[in-house]
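Here is the file query38.cif (mmCIF, C-alpha atoms and all ligand atoms).
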data_input
loop_
_atom_site.label_atom_id
_atom_site.label_comp_id
_atom_site.auth_asym_id
_atom_site.auth_seq_id
_atom_site.Cartn_x
_atom_site.Cartn_y
_atom_site.Cartn_z
CA MET A 30 -106.77 88.47 -18.57
CA GLU A 31 -103.89 90.67 -19.76
CA LYS A 32 -100.58 89.79 -18.13
CA LEU A 33 -99.01 92.37 -15.83
CA SER A 34 -95.67 93.59 -17.18
CA VAL A 35 -92.61 93.19 -14.94
CA GLY A 36 -89.29 95.02 -14.77
CA VAL A 37 -86.46 93.39 -12.81
CA ILE A 38 -83.88 95.70 -11.22
CA GLY A 39 -80.71 93.88 -10.22
CA CYS A 40 -79.84 90.91 -12.46
CA GLY A 41 -77.46 89.15 -10.06
CA ARG A 42 -77.90 85.98 -8.04
CA ILE A 43 -81.39 86.32 -6.64
CA GLY A 44 -82.60 88.47 -9.50
CA SER A 45 -81.75 85.85 -12.12
CA LEU A 46 -78.50 83.87 -11.93
CA LEU A 47 -79.41 81.31 -9.24
CA GLU A 48 -81.81 79.85 -11.77
CA ARG A 49 -78.70 78.30 -13.36
CA ASP A 50 -77.99 76.27 -10.19
CA PRO A 51 -78.80 72.68 -11.20
CA TYR A 52 -79.66 71.65 -7.63
CA ARG A 53 -82.19 74.37 -6.77
CA ARG A 54 -85.87 73.69 -7.31
CA LYS A 55 -87.36 76.15 -9.76
CA PRO A 56 -88.30 78.90 -10.08
CA CYS A 57 -85.96 80.32 -7.46
CA THR A 58 -85.33 83.90 -8.61
CA HIS A 59 -87.28 87.08 -9.35
CA ALA A 60 -87.00 86.59 -13.12
CA GLY A 61 -87.88 82.90 -12.82
CA ALA A 62 -90.93 83.60 -10.64
CA PHE A 63 -92.45 86.31 -12.84
CA SER A 64 -91.62 84.35 -15.97
CA ALA A 65 -93.36 81.21 -14.65
CA CYS A 66 -96.37 83.04 -13.22
CA GLU A 67 -99.39 82.94 -15.57
CA GLY A 68 -100.47 86.46 -14.66
CA THR A 69 -97.17 88.22 -15.41
CA ALA A 70 -94.67 88.68 -18.24
CA LEU A 71 -91.06 89.84 -18.02
CA LYS A 72 -90.79 93.06 -20.00
CA CYS A 73 -87.53 94.79 -19.09
CA ALA A 74 -84.54 94.66 -16.79
CA CYS A 75 -81.87 96.91 -15.35
CA ASP A 76 -78.42 96.44 -13.88
CA ILE A 77 -75.46 98.80 -13.50
CA ASP A 78 -73.28 95.97 -14.85
CA PRO A 79 -73.57 95.40 -18.65
CA ASP A 80 -72.34 91.81 -18.32
CA ARG A 81 -75.26 91.02 -16.03
CA LEU A 82 -77.64 92.49 -18.61
CA ALA A 83 -76.11 90.32 -21.34
CA GLN A 84 -76.59 87.25 -19.14
CA PHE A 85 -80.19 88.30 -18.47
CA ARG A 86 -80.89 88.62 -22.18
CA ALA A 87 -79.39 85.17 -22.80
CA ASP A 88 -81.39 83.52 -20.01
CA TRP A 89 -84.78 85.21 -20.42
CA GLY A 90 -84.89 86.54 -23.97
CA VAL A 91 -85.62 90.06 -22.70
CA ASP A 92 -84.03 92.79 -24.81
CA ARG A 93 -85.35 95.96 -23.19
CA LEU A 94 -82.31 96.38 -20.98
CA TYR A 95 -81.14 99.43 -19.03
CA LEU A 96 -78.14 100.58 -17.01
CA ASP A 97 -80.27 103.17 -15.15
CA TYR A 98 -83.49 102.17 -13.38
CA ARG A 99 -84.94 105.67 -13.65
CA GLU A 100 -84.68 105.51 -17.43
CA MET A 101 -86.23 102.04 -17.44
CA LEU A 102 -89.16 103.12 -15.26
CA GLY A 103 -89.78 106.21 -17.37
CA LYS A 104 -89.59 104.50 -20.77
CA GLU A 105 -91.06 101.07 -20.08
CA LYS A 106 -93.65 101.87 -17.38
CA PRO A 107 -93.73 98.30 -15.98
CA GLU A 108 -96.75 97.47 -13.82
CA ILE A 109 -94.64 95.44 -11.37
CA VAL A 110 -91.09 96.23 -10.34
CA SER A 111 -89.00 93.46 -8.85
CA ILE A 112 -86.00 94.78 -6.91
CA ALA A 113 -83.07 92.41 -6.45
CA SER A 114 -80.20 94.89 -6.20
CA TRP A 115 -77.92 95.55 -3.22
CA THR A 116 -79.67 96.48 0.01
CA SER A 117 -78.32 100.05 -0.06
CA THR A 118 -80.29 100.71 -3.26
CA HIS A 119 -83.69 99.46 -2.10
CA LYS A 120 -84.97 102.73 -0.62
CA ASP A 121 -84.26 105.02 -3.60
CA ILE A 122 -85.54 102.45 -6.12
CA VAL A 123 -88.76 101.77 -4.18
CA VAL A 124 -89.46 105.49 -3.78
CA GLU A 125 -88.80 106.16 -7.48
CA ALA A 126 -90.87 103.16 -8.60
CA ALA A 127 -93.77 104.04 -6.28
CA ASN A 128 -93.94 107.46 -7.94
CA SER A 129 -93.67 106.10 -11.49
CA GLY A 130 -97.13 104.54 -11.73
CA VAL A 131 -96.36 100.89 -10.86
CA LYS A 132 -99.04 98.78 -9.19
CA GLY A 133 -96.79 96.48 -7.18
CA ILE A 134 -93.21 96.29 -5.95
CA LEU A 135 -91.43 93.15 -4.85
CA CYS A 136 -88.37 94.23 -2.86
CA GLU A 137 -85.63 91.99 -1.58
CA LYS A 138 -84.86 91.61 2.07
CA PRO A 139 -83.54 93.24 4.19
CA ILE A 140 -85.96 96.03 3.37
CA ALA A 141 -83.40 98.84 3.79
CA LEU A 142 -80.34 100.04 5.66
CA SER A 143 -82.30 102.09 8.22
CA LEU A 144 -85.69 102.22 9.91
CA ALA A 145 -86.13 105.78 8.58
CA ASP A 146 -85.61 104.55 5.01
CA ALA A 147 -88.05 101.68 5.57
CA ASP A 148 -90.66 104.14 6.88
CA GLU A 149 -90.21 106.34 3.81
CA MET A 150 -90.60 103.34 1.47
CA ILE A 151 -93.79 102.24 3.23
CA SER A 152 -95.36 105.71 3.22
CA GLU A 153 -94.48 106.40 -0.45
CA CYS A 154 -96.09 103.10 -1.46
CA GLU A 155 -99.14 103.79 0.70
CA SER A 156 -99.69 107.28 -0.66
CA ASN A 157 -99.35 106.03 -4.26
CA ASN A 158 -101.57 102.99 -3.62
CA VAL A 159 -98.75 100.58 -4.53
CA ALA A 160 -98.53 97.07 -3.05
CA LEU A 161 -95.12 96.66 -1.40
CA MET A 162 -94.09 93.04 -0.84
CA ILE A 163 -90.83 92.01 0.84
CA ASN A 164 -89.15 88.80 -0.29
CA HIS A 165 -88.93 86.90 2.97
CA GLU A 166 -89.72 83.94 0.78
CA ARG A 167 -90.08 81.37 3.55
CA ARG A 168 -93.55 82.83 4.19
CA TRP A 169 -94.66 81.05 0.99
CA ASP A 170 -92.66 77.85 1.58
CA GLN A 171 -95.02 74.85 1.75
CA ARG A 172 -92.96 73.17 4.50
CA VAL A 173 -93.00 76.33 6.59
CA LEU A 174 -96.75 76.60 6.09
CA ALA A 175 -97.17 72.94 7.14
CA ALA A 176 -95.19 73.70 10.33
CA LYS A 177 -97.35 76.76 10.98
CA LYS A 178 -100.49 74.66 10.61
CA LEU A 179 -99.17 72.14 13.16
CA ILE A 180 -98.71 74.96 15.64
CA ASP A 181 -101.96 76.75 14.84
CA ASP A 182 -104.03 73.54 15.13
CA GLY A 183 -102.58 72.66 18.54
CA THR A 184 -100.62 69.53 17.53
CA ILE A 185 -97.78 70.53 19.89
CA GLY A 186 -100.05 72.12 22.51
CA GLU A 187 -99.58 75.78 23.41
CA LEU A 188 -96.49 77.51 22.05
CA ARG A 189 -94.05 78.09 24.95
CA SER A 190 -90.73 79.08 23.38
CA ILE A 191 -88.78 79.40 20.12
CA ARG A 192 -85.17 78.70 19.19
CA GLY A 193 -83.61 79.78 15.96
CA GLU A 194 -80.24 79.35 14.29
CA MET A 195 -78.89 80.92 11.16
CA LEU A 196 -75.27 79.79 11.18
CA CYS A 197 -72.92 80.73 8.37
CA GLY A 198 -69.43 81.80 7.44
CA VAL A 199 -67.83 85.20 6.91
CA PRO A 200 -68.22 86.83 3.47
CA ASP A 201 -65.26 87.22 1.15
CA GLU A 202 -63.69 90.63 1.77
CA ARG A 203 -64.18 91.55 -1.93
CA SER A 204 -67.91 90.78 -1.83
CA TRP A 205 -70.55 93.53 -1.58
CA LYS A 206 -71.63 91.69 1.59
CA SER A 207 -68.42 92.90 3.27
CA ASP A 208 -69.12 96.55 2.44
CA LEU A 209 -71.05 98.12 5.31
CA SER A 210 -72.34 100.94 3.09
CA LEU A 211 -74.00 98.42 0.73
CA VAL A 212 -75.09 95.67 3.13
CA GLY A 213 -75.76 97.53 6.40
CA GLY A 214 -74.52 94.77 8.72
CA GLY A 215 -73.34 91.19 8.95
CA PRO A 216 -75.27 87.92 9.14
CA LEU A 217 -77.88 89.45 11.45
CA LEU A 218 -79.02 91.63 8.58
CA HIS A 219 -78.25 89.53 5.53
CA ASP A 220 -79.80 86.18 6.43
CA GLY A 221 -80.78 86.73 10.06
CA THR A 222 -83.66 88.83 8.73
CA HIS A 223 -85.33 85.58 7.55
CA LEU A 224 -85.09 84.21 11.10
CA PHE A 225 -86.68 87.26 12.71
CA ASP A 226 -89.33 87.43 10.03
CA LEU A 227 -90.32 83.79 10.62
CA ILE A 228 -90.47 84.30 14.38
CA ARG A 229 -92.83 87.23 13.83
CA TYR A 230 -94.86 85.28 11.25
CA PHE A 231 -95.42 82.45 13.70
CA ALA A 232 -95.58 84.25 17.03
CA GLY A 233 -95.94 88.04 16.68
CA ASP A 234 -93.89 91.09 17.54
CA ALA A 235 -90.95 91.40 19.92
CA VAL A 236 -91.34 93.82 22.83
CA SER A 237 -87.85 93.64 24.37
CA ILE A 238 -84.44 92.30 23.39
CA VAL A 239 -81.12 91.39 24.98
CA GLY A 240 -78.35 90.87 22.45
CA PHE A 241 -74.66 90.00 22.29
CA VAL A 242 -72.86 90.92 19.09
CA GLN A 243 -69.29 89.92 18.21
CA LYS A 244 -66.80 91.03 15.63
CA ASN A 245 -63.74 88.79 15.30
CA THR A 246 -62.52 89.74 11.83
CA SER A 247 -61.21 92.89 10.16
CA LEU A 248 -64.45 93.30 8.18
CA PRO A 249 -66.68 96.25 9.24
CA ILE A 250 -69.60 93.96 10.14
CA GLU A 251 -70.46 91.61 12.97
CA ASP A 252 -69.77 87.92 12.37
CA SER A 253 -71.67 86.39 15.29
CA ALA A 254 -74.60 87.26 17.53
CA THR A 255 -76.91 85.71 20.08
CA ALA A 256 -80.09 87.26 21.44
CA THR A 257 -83.17 86.67 23.51
CA LEU A 258 -86.37 88.28 22.28
CA MET A 259 -89.39 88.63 24.57
CA LEU A 260 -92.48 88.52 22.40
CA GLU A 261 -95.76 90.32 22.94
CA ASN A 262 -97.52 87.00 23.61
CA GLY A 263 -95.23 86.42 26.64
CA ILE A 264 -92.97 83.74 25.17
CA SER A 265 -89.26 84.07 24.46
CA ALA A 266 -87.20 83.35 21.36
CA ASN A 267 -83.49 82.55 21.62
CA VAL A 268 -81.44 82.98 18.48
CA GLU A 269 -77.88 82.47 17.28
CA VAL A 270 -76.65 84.02 14.05
CA GLY A 271 -73.41 83.79 12.05
CA GLY A 272 -70.79 82.06 14.14
CA ARG A 273 -67.98 81.79 11.57
CA ARG A 274 -69.05 78.34 10.38
CA ALA A 275 -67.84 76.46 7.34
CA TYR A 276 -71.46 75.65 6.46
CA PHE A 277 -74.90 77.23 6.26
CA HIS A 278 -77.56 76.08 8.69
CA PHE A 279 -81.02 77.61 9.06
CA SER A 280 -83.49 76.18 11.54
CA VAL A 281 -86.31 77.43 13.74
CA SER A 282 -87.83 75.16 16.37
CA PHE A 283 -91.12 75.90 18.04
CA TRP A 284 -91.52 74.30 21.44
CA GLY A 285 -95.03 73.71 22.70
CA SER A 286 -96.55 72.45 25.94
CA ASN A 287 -96.79 69.01 24.32
CA GLY A 288 -94.29 68.81 21.48
CA MET A 289 -91.91 70.48 19.09
CA VAL A 290 -91.94 71.44 15.41
CA ALA A 291 -88.76 72.43 13.59
CA VAL A 292 -88.39 73.72 10.08
CA GLY A 293 -85.35 74.92 8.17
CA ASN A 294 -82.95 74.15 5.36
CA GLY A 295 -83.23 70.36 5.09
CA ILE A 296 -85.11 70.18 8.40
CA ASN A 297 -88.71 69.13 9.01
CA ASP A 298 -89.27 67.67 12.45
CA LEU A 299 -92.32 66.88 14.52
CA TRP A 300 -92.12 65.48 18.02
CA VAL A 301 -95.04 65.10 20.42
CA GLY A 302 -95.29 64.15 24.11
CA ALA A 303 -95.93 60.46 24.79
CA GLU A 304 -95.60 57.89 27.57
CA SER A 305 -91.95 56.80 27.84
CA SER A 306 -91.05 53.24 26.88
CA SER A 307 -87.84 53.52 28.93
CA PHE A 308 -89.08 54.94 32.25
CA ASP A 309 -92.31 54.15 34.10
CA GLY A 310 -94.66 57.10 34.58
CA PHE A 311 -92.53 59.43 32.50
CA ARG A 312 -93.42 61.44 29.42
CA GLU A 313 -90.93 62.14 26.65
CA LEU A 314 -90.98 63.51 23.15
CA SER A 315 -91.65 60.93 20.49
CA ARG A 316 -90.91 61.48 16.79
CA ARG A 317 -93.85 61.66 14.37
CA GLU A 318 -93.94 61.91 10.62
CA PHE A 319 -93.83 65.52 9.47
CA PRO A 320 -96.75 66.11 7.07
CA LEU A 321 -94.80 67.10 3.95
CA PRO A 322 -96.87 68.37 1.02
CA GLU A 323 -97.49 65.75 -1.67
CA THR A 324 -96.50 67.95 -4.59
CA TYR A 325 -93.87 70.66 -4.79
CA LYS A 326 -94.67 74.29 -5.47
CA SER A 327 -91.97 76.93 -5.51
CA SER A 328 -92.33 79.66 -2.89
CA TYR A 329 -91.15 82.12 -5.56
CA LEU A 330 -94.00 81.16 -7.85
CA SER A 331 -96.51 81.42 -4.99
CA MET A 332 -95.12 84.84 -4.17
CA ALA A 333 -95.47 86.08 -7.77
CA GLU A 334 -99.03 84.75 -7.94
CA GLU A 335 -99.87 86.48 -4.69
CA MET A 336 -98.49 89.74 -6.05
CA VAL A 337 -100.92 89.48 -8.98
CA ASP A 338 -103.81 88.67 -6.63
CA VAL A 339 -102.93 91.54 -4.28
CA ILE A 340 -102.89 93.95 -7.24
CA ASN A 341 -106.25 92.57 -8.42
CA GLY A 342 -107.68 92.91 -4.91
CA SER A 343 -108.34 89.17 -4.45
CA SER A 344 -105.68 88.46 -1.82
CA THR A 345 -104.01 90.08 1.16
CA ASN A 346 -100.26 90.62 1.14
CA ARG A 347 -98.62 88.23 3.59
CA SER A 348 -95.23 89.96 3.57
CA THR A 349 -95.77 93.70 3.69
CA GLY A 350 -93.35 96.59 3.96
CA GLU A 351 -94.28 96.80 7.64
CA ASP A 352 -93.28 93.15 8.08
CA GLY A 353 -89.92 93.86 6.45
CA ARG A 354 -89.46 96.91 8.64
CA GLU A 355 -90.21 94.97 11.84
CA ALA A 356 -87.58 92.32 11.02
CA LEU A 357 -85.07 95.18 10.68
CA HIS A 358 -86.39 96.70 13.92
CA ILE A 359 -85.50 93.49 15.81
CA ILE A 360 -81.99 93.51 14.32
CA TRP A 361 -81.52 97.12 15.38
CA GLY A 362 -82.74 96.10 18.85
CA ILE A 363 -79.96 93.50 19.04
CA TYR A 364 -77.32 96.04 17.91
CA GLU A 365 -78.74 98.60 20.36
CA SER A 366 -78.52 96.11 23.24
CA GLU A 367 -74.85 95.51 22.41
CA ARG A 368 -74.32 99.28 22.15
CA GLN A 369 -75.80 99.73 25.64
CA GLY A 370 -73.58 97.06 27.23
CA ASN A 371 -76.01 94.17 26.61
CA SER A 372 -78.89 95.83 28.45
CA SER A 373 -82.47 94.86 27.81
CA ILE A 374 -83.89 97.14 25.09
CA ASP A 375 -87.60 97.90 24.92
CA LEU A 376 -89.05 98.32 21.43
CA PRO A 377 -89.83 100.62 19.68
CA ILE A 378 -86.42 102.11 19.07
CA GLU A 379 -86.79 105.87 18.69
CA GLN A 380 -83.56 106.59 16.78
CA LYS A 381 -84.38 105.53 13.24
CA GLU A 382 -81.70 107.13 11.06
CA ILE A 383 -78.33 105.62 11.98
CA SER A 384 -77.78 101.94 12.71
CA PRO A 385 -76.54 101.31 16.27
CA LEU A 386 -73.92 99.08 14.60
CA VAL A 387 -72.20 102.20 13.25
CA ASP A 388 -71.78 103.56 16.77
CA ILE A 389 -70.44 100.21 17.97
CA LEU A 390 -67.91 100.20 15.13
CA ASN A 391 -66.85 103.77 15.90
CA ARG A 392 -66.25 102.82 19.49
CA GLN A 393 -64.23 99.86 18.37
CA ARG A 394 -62.01 102.16 16.37
CA LEU A 395 -61.46 104.06 19.60
CA GLY A 396 -60.14 100.85 21.10
CA ARG A 397 -63.20 99.50 22.87
CA ALA A 398 -63.76 95.98 21.63
CA PHE A 399 -67.28 94.64 21.56
N1 LIG A 401 -84.54 86.32 -0.36
C1 LIG A 401 -83.39 85.68 -0.37
O1 LIG A 401 -83.30 84.54 0.05
C2 LIG A 401 -82.16 86.37 -0.90
C3 LIG A 401 -81.07 85.63 -1.36
C4 LIG A 401 -79.96 86.32 -1.85
C5 LIG A 401 -79.95 87.72 -1.85
N2 LIG A 401 -81.01 88.41 -1.35
C6 LIG A 401 -81.03 89.88 -1.35
O2 LIG A 401 -81.09 90.31 -2.71
C7 LIG A 401 -80.31 91.49 -2.90
C8 LIG A 401 -79.23 91.18 -3.97
O3 LIG A 401 -78.40 90.12 -3.52
P1 LIG A 401 -77.61 89.18 -4.56
O4 LIG A 401 -76.99 88.12 -3.74
O5 LIG A 401 -78.47 88.79 -5.68
O6 LIG A 401 -76.50 90.20 -5.05
P2 LIG A 401 -75.73 90.23 -6.46
O7 LIG A 401 -74.53 91.09 -6.26
O8 LIG A 401 -75.55 88.85 -6.99
O9 LIG A 401 -76.78 90.96 -7.42
C9 LIG A 401 -77.15 92.29 -7.22
C10 LIG A 401 -77.15 92.99 -8.57
O10 LIG A 401 -77.66 94.32 -8.36
C11 LIG A 401 -76.93 95.16 -9.26
N3 LIG A 401 -77.09 96.54 -8.82
C12 LIG A 401 -76.50 97.18 -7.79
N4 LIG A 401 -76.92 98.45 -7.73
C13 LIG A 401 -77.81 98.62 -8.73
C14 LIG A 401 -78.61 99.72 -9.18
N5 LIG A 401 -78.56 100.92 -8.59
N6 LIG A 401 -79.42 99.52 -10.24
C15 LIG A 401 -79.48 98.33 -10.87
N7 LIG A 401 -78.75 97.24 -10.48
C16 LIG A 401 -77.94 97.40 -9.42
C17 LIG A 401 -75.49 94.63 -9.19
O11 LIG A 401 -74.72 95.05 -10.31
C18 LIG A 401 -75.73 93.13 -9.17
O12 LIG A 401 -75.73 92.56 -10.48
C19 LIG A 401 -79.76 91.85 -1.53
O13 LIG A 401 -80.61 92.78 -0.90
C20 LIG A 401 -79.79 90.53 -0.77
O14 LIG A 401 -79.90 90.68 0.62
C21 LIG A 401 -82.11 87.75 -0.90
#

Could you show the structure in this file as structure tokens?
Amino acid sequence: MEKLSVGVIGCGRIGSLLERDPYRRKPCTHAGAFSACEGTALKCACDIDPDRLAQFRADWGVDRLYLDYREMLGKEKPEIVSIASWTSTHKDIVVEAANSGVKGILCEKPIALSLADADEMISECESNNVALMINHERRWDQRVLAAKKLIDDGTIGELRSIRGEMLCGVPDERSWKSDLSLVGGGPLLHDGTHLFDLIRYFAGDAVSIVGFVQKNTSLPIEDSATATLMLENGISANVEVGGRRAYFHFSVSFWGSNGMVAVGNGINDLWVGAESSSFDGFRELSRREFPLPETYKSSYLSMAEEMVDVINGSSTNRSTGEDGREALHIIWGIYESERQGNSSIDLPIEQKEISPLVDILNRQRLGRAF
């Protein structure tokens, strides 16, 4: 079968450069995934930075390179567009690509800066019959899927609660991640989106949220947040994000009526209820071997293969635009709770245009700390 042609927009870290990291298992970028996938071929790339394009040419041997994505879409007509540029650009690029004749779009997380933008992206893709996939890549991670199977097959009993942590430091003030107009928020948005997406993937939508958001630095973004989400299935999820740490830690633990499964960066845990060997007539959690997959397969490669299958009609899309939008919806719920004095916020949020974080920041300028 003819390979589907791919254009990468945004040739930075996740678009291409992380493939140079000797420690990461490969492929681990957009270019790496679509280059390794049998059903696709890299055709062209775009970045506003000529140096990034030169690096892309050196790494992937692609010489159809553009400084303007509109020109690239018009001249090259790629069948798949892979968007790995700053979050602020996602909406305009998706809308333009959806109207240029592409069959599929892989767009980085977070989907967009606002719920209104996310809605526009979803409806433009729908009306043009374009598959929109959001790169919450843990949905394709074998270890995450093994954890999901343990929950779905009842190994830990009935799911009762979830705890999640995405702890990290504060971005450099010169980074695009410190520019509110490009990034849209702090760790809640940038990496927290993976946490909320996984919670939804395992346990469904949130219906109400109480959040506490803190800003302790001069950057125009939050650096720490905690929240409790009530989910539609009646269980709660407690999360902590950011926290000004000198390390990165990502972990989600799923607590059942008879055990616990945790999965994260470097974490695969399975504990099940058993008779205690220390106390008579007492049940405790006992560690079991986590069923790791025997062979490794990159989540990025699985994602690229799924994109091909979705376009060919032989697979469903496990990470849709709606999924990306709902992760953002939860984050806005946390900001909105902070904005309303840490009240419980029922979803859906009706105001879709301006992030509640902006209002919080405006108030802070008026002297009201949050
Ligand atoms: N899924 C993940 O685990 C993951 C990991 C890292 C980053 N991301 C996401 O990927 C996106 C990019 O992050 P990054 O860390 O790779 O950033 P980066 O700065 O390393 O790369 C982004 C690139 O996009 C380019 N760019 C900006 N505007 C552009 C435009 N209009 N047209 C073409 N190119 C443009 C920049 O010049 C830069 O080279 C962000 O949305 C981020 O949240 C996701």

Within 7 Å of ligand LIG 401 (chain A), which residues show up when you count only C-alpha atoms and all ligand atoms? List them as a ChimeraX atom specification, please.
/A:38-44,75-78,81,96-98,113-116,118,137-139,164-166,205,219

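Nearest residue to A:Asp352, choosing from A:Gln84, A:Thr184, A:Ser190, A:Thr222 and counting all atoms listed in the file: A:Thr222.
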
Using only C-alpha atoms, which residues sit within 7 Å of A:Trp284 once same-chain residues fewer than 5 positions away are excluded, as a JSON list (two decimals) with C-alpha atoms, keeping the file's coordinate frame?
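File selection-v1.json, as written:
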[["chain", "number", "residue", "atom", "x", "y", "z"],
["A", 188, "LEU", "CA", -96.49, 77.51, 22.05],
["A", 189, "ARG", "CA", -94.05, 78.09, 24.95],
["A", 190, "SER", "CA", -90.73, 79.08, 23.38],
["A", 191, "ILE", "CA", -88.78, 79.40, 20.12],
["A", 289, "MET", "CA", -91.91, 70.48, 19.09],
["A", 290, "VAL", "CA", -91.94, 71.44, 15.41]]

Pick out the residues sitting within 9 Å of A:Val339, and hand them over as a short mmCIF file (atom, residue, chain, number, x, y, z; two decimals) with C-alpha atoms, in the coordinates of the input; count all atoms listed in the file, and ignore anything fewer than 6 positions along from it in its own chain.
data_model
loop_
_atom_site.label_atom_id
_atom_site.label_comp_id
_atom_site.auth_asym_id
_atom_site.auth_seq_id
_atom_site.Cartn_x
_atom_site.Cartn_y
_atom_site.Cartn_z
CA GLY A 133 -96.79 96.48 -7.18
CA ALA A 160 -98.53 97.07 -3.05
CA THR A 345 -104.01 90.08 1.16
CA ASN A 346 -100.26 90.62 1.14
#

So how far away is atom CA of A:Leu386 from atom CA of A:Ile264, in Å?
26.6 Å

Which one is closest to A:Asn157: A:Asp298, A:Asp50, A:Glu382, A:Glu125? Count only C-alpha atoms.
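Between A:Asp298, A:Asp50, A:Glu382, A:Glu125, the residue approaching A:Asn157 most closely is A:Glu125.
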
State, in Å with one decimal place, the distance from atom CA of A:Ile359 to atom CA of A:Ser327.
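Distance between the two atoms: 27.8 Å.
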
Residue with the minimum atom-to-atom distance to A:Leu376, picked from A:Val236, A:Met259, A:Val292, A:Ala127 with all atoms listed in the file counted, is A:Val236

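Going from atom CA of A:Gly198 over to atom CA of A:Ser247, you cover 14.1 Å.
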
Go through stretch 198-230 of chain A and flag each residue having an atom no more than 9 Å from stretch 275-283 of chain A; for those, report the closest pair of atoms plus their distance in Å to one decimal, using all atoms listed in the file, ordered by chain and rising number, as a tab-separated table.
residue	atom	partner	partner_atom	distance
A:Gly198	CA	A:Ala275	CA	5.6
A:Val199	CA	A:Ala275	CA	8.8
A:Leu224	CA	A:Val281	CA	7.4
A:Leu227	CA	A:Val281	CA	8.1
A:Ile228	CA	A:Val281	CA	8.1

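In terms of minimum interatomic distance to A:Gly285, A:Glu187 ranks closest within A:Glu187, A:Asp88, A:Asp148, A:Asp121, counting all atoms listed in the file.
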
Which residue is closest to A:Pro107? Choose from A:Ala141, A:Leu196, A:Val35, A:Ala65 and count all atoms listed in the file.
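When distances to A:Pro107 are compared using all atoms listed in the file, the smallest one comes from A:Val35.
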
Let me make sure I understand: among A:Gly103, A:Gly353, A:Gly271, A:Gly213, which one has the smallest atom-to-atom distance to A:Ser129 if we use all atoms listed in the file?
A:Gly103

Tell me, as a PyMOL selection string, which residues lie within 10 Å of stretch 313-315 of chain A, counting only C-alpha atoms; anything in the same chain fewer than 2 positions away does not count.
chain A and resi 287-289+299-308+311+317

Have stretch 350-363 of chain A completed to N, CA and C atoms, please, and pass it along as a short mmCIF file (atom, residue, chain, number, x, y, z; two decimals), keeping the file's coordinate frame.
data_model
loop_
_atom_site.label_atom_id
_atom_site.label_comp_id
_atom_site.auth_asym_id
_atom_site.auth_seq_id
_atom_site.Cartn_x
_atom_site.Cartn_y
_atom_site.Cartn_z
N GLY A 350 -94.45 95.71 3.59
CA GLY A 350 -93.35 96.59 3.96
C GLY A 350 -93.21 96.68 5.47
N GLU A 351 -94.34 96.73 6.17
CA GLU A 351 -94.28 96.80 7.64
C GLU A 351 -93.62 95.55 8.21
N ASP A 352 -93.92 94.40 7.62
CA ASP A 352 -93.28 93.15 8.08
C ASP A 352 -91.77 93.23 7.88
N GLY A 353 -91.35 93.72 6.72
CA GLY A 353 -89.92 93.86 6.45
C GLY A 353 -89.28 94.82 7.43
N ARG A 354 -89.98 95.89 7.71
CA ARG A 354 -89.46 96.91 8.64
C ARG A 354 -89.31 96.33 10.06
N GLU A 355 -90.27 95.51 10.47
CA GLU A 355 -90.21 94.97 11.84
C GLU A 355 -89.08 93.95 12.00
N ALA A 356 -88.75 93.23 10.94
CA ALA A 356 -87.58 92.32 11.02
C ALA A 356 -86.32 93.17 11.24
N LEU A 357 -86.22 94.28 10.51
CA LEU A 357 -85.07 95.18 10.68
C LEU A 357 -85.06 95.80 12.09
N HIS A 358 -86.25 96.11 12.59
CA HIS A 358 -86.39 96.70 13.92
C HIS A 358 -85.79 95.76 14.99
N ILE A 359 -86.05 94.46 14.85
CA ILE A 359 -85.50 93.49 15.81
C ILE A 359 -83.97 93.48 15.72
N ILE A 360 -83.46 93.52 14.50
CA ILE A 360 -81.99 93.51 14.32
C ILE A 360 -81.38 94.76 14.95
N TRP A 361 -82.02 95.89 14.75
CA TRP A 361 -81.52 97.12 15.38
C TRP A 361 -81.61 97.01 16.91
N GLY A 362 -82.62 96.31 17.40
CA GLY A 362 -82.74 96.10 18.85
C GLY A 362 -81.55 95.31 19.39
N ILE A 363 -81.11 94.31 18.61
CA ILE A 363 -79.96 93.50 19.04
C ILE A 363 -78.68 94.36 19.04
#
